[in-house]
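Inspection log for the structure reproduced underneath, given as structure tokens.
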Amino acid sequence: MEIENSQPMTIKNWSPEDRPREKLLMKGTSTLSDAELIAILLGSGTAKLSAIDVAKKVLSHVDNNLDSLAKLSIKDLMKAKGIGEAKAITIVAALELGRRRKDQSPDDKAKIESSKTAFELIRGDLMDLPHEEFWVILLNRANRIIRKKRVSEGGVSGTVADPKIIFKLAVDELASGIIVVHNHPSGNLKPSESDINLTKKIKEAGKVLEISLLDHLIIAHDRYFSFADEGFL
């Protein structure tokens, strides 16, 4: 009587064209599924699960949504069977690289022509954060980007932004205009009284230095509120 092997077939036992690394080399990255790409990052599975099985379990926790996966912390990822700290860090780092690549325009001096342009530039830095951060986009006289810079970070319900720090950055870079941005992890786009008061304070300070406040964006996940569009400036 032949006894069936109860151990699962590991990736090493698969045909070369089905192994993620070999498949990537033979057929290119576009032929790999999300689970196969994550399996390459993991490198190995567990005694009973292949790297692809572990990757599939990770994806199942977020309904196979990479955007939701990007929102998970290292501790969240480590709750999945087969994911230790090192593997969790690798996944987080890879997703961050993907986000940064998406954010970088071929033209480093891209022109800000609307609130949507500014949102697309900065969304990747803020949309997945569980806490609030305050950023500033520095622009030259032609409204082309000089750089974007985080000013402060805080807790879930708020962060403090000091206008002196904002304008020091602007003066150091010889900026002619600025757009300030912060996120609301709660998903609520409505500006608070402190948001409105801070905007007024920054606008007035900018007049003295001849540095225009062009907009203040509040980002909540994949949506945004523009002070300029809504007539708050």
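Residues in the structure tokens are named by chain (A, B, ... in the order shown) and by number from 1 within that chain; ligands are numbered from 1 in the order shown.
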
Which polymer residues have any atom within 7 Å of an atom of Glu133 of chain A, counting only C-alpha atoms, with same-chain residues fewer than 6 positions away left out, as a PyMOL selection string? chain A and resi 152-154+159+182-183

Can those selected residues be exported to a file as a PDB file, in the first residue's frame so that it contains N, CA, C and O atoms?
```
ATOM      1  N   SER A 152       5.856  68.729  10.604  1.00  0.00           N
ATOM      2  CA  SER A 152       5.632  68.157  11.934  1.00  0.00           C
ATOM      3  C   SER A 152       4.769  66.913  11.829  1.00  0.00           C
ATOM      4  O   SER A 152       4.122  66.663  10.809  1.00  0.00           O
ATOM      5  N   GLU A 153       4.762  66.118  12.889  1.00  0.00           N
ATOM      6  CA  GLU A 153       3.873  64.971  12.984  1.00  0.00           C
ATOM      7  C   GLU A 153       3.341  64.883  14.400  1.00  0.00           C
ATOM      8  O   GLU A 153       3.973  65.344  15.345  1.00  0.00           O
ATOM      9  N   GLY A 154       2.152  64.318  14.519  1.00  0.00           N
ATOM     10  CA  GLY A 154       1.521  64.266  15.831  1.00  0.00           C
ATOM     11  C   GLY A 154       0.801  62.961  16.062  1.00  0.00           C
ATOM     12  O   GLY A 154       1.213  61.913  15.561  1.00  0.00           O
ATOM     13  N   THR A 159      -1.842  67.591  14.980  1.00  0.00           N
ATOM     14  CA  THR A 159      -0.418  67.902  15.001  1.00  0.00           C
ATOM     15  C   THR A 159      -0.255  69.415  15.041  1.00  0.00           C
ATOM     16  O   THR A 159      -1.159  70.150  14.636  1.00  0.00           O
ATOM     17  N   HIS A 182      -2.072  68.897   5.341  1.00  0.00           N
ATOM     18  CA  HIS A 182      -2.059  67.943   6.450  1.00  0.00           C
ATOM     19  C   HIS A 182      -3.160  66.918   6.235  1.00  0.00           C
ATOM     20  O   HIS A 182      -4.040  67.097   5.386  1.00  0.00           O
ATOM     21  N   ASN A 183      -3.085  65.828   6.959  1.00  0.00           N
ATOM     22  CA  ASN A 183      -4.041  64.736   6.775  1.00  0.00           C
ATOM     23  C   ASN A 183      -4.956  64.581   7.979  1.00  0.00           C
ATOM     24  O   ASN A 183      -4.635  65.003   9.094  1.00  0.00           O
TER      25      ASN A 183
END
```

Can you tell me which residues surround segment 206-214 of chain A at a distance of at most 12 Å, considering only C-alpha atoms, apart from same-chain residues fewer than 5 positions away, and format the answer as a PyMOL selection string? chain A and resi 112-115+118+136-141+143+163-164+166-171+173-181+198-201+226-229+231-233

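Nearest-residue note for Asn65 of chain A: choosing from A:Glu22, A:Asp34, A:Glu132, A:Asp215, the minimum distance belongs to A:Asp34, counting only C-alpha atoms.
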
Per residue of segment 42-78 of chain A within 8 Å of segment 86-97 of chain A, what are the shortest atom pair and its distance in Å to one decimal, counting only C-alpha atoms, with rows by chain and residue number, as a Markdown table?
```
| residue | atom | partner | partner_atom | distance |
| --- | --- | --- | --- | --- |
| A:Leu42 | CA | A:Lys87 | CA | 5.6 |
| A:Ala70 | CA | A:Leu95 | CA | 6.2 |
| A:Ser73 | CA | A:Val92 | CA | 7.6 |
| A:Ile74 | CA | A:Ala88 | CA | 5.3 |
| A:Lys75 | CA | A:Ala88 | CA | 7.9 |
| A:Leu77 | CA | A:Ala88 | CA | 5.7 |
| A:Met78 | CA | A:Ala88 | CA | 6.2 |
```

Which residues, written as a PyMOL selection string, have at least one atom at most 8 Å from Lys111 of chain A, with only C-alpha atoms counted and residues fewer than 5 positions away on the same chain left out? chain A and resi 142-145

Quick one: pick out all alpha helix (DSSP H) residues within chain A from a backbone DSSP run and write them as a PyMOL selection string. chain A and resi 20-27+34-42+51-60+66-70+74-77+85-103+115-126+163-172+193-209
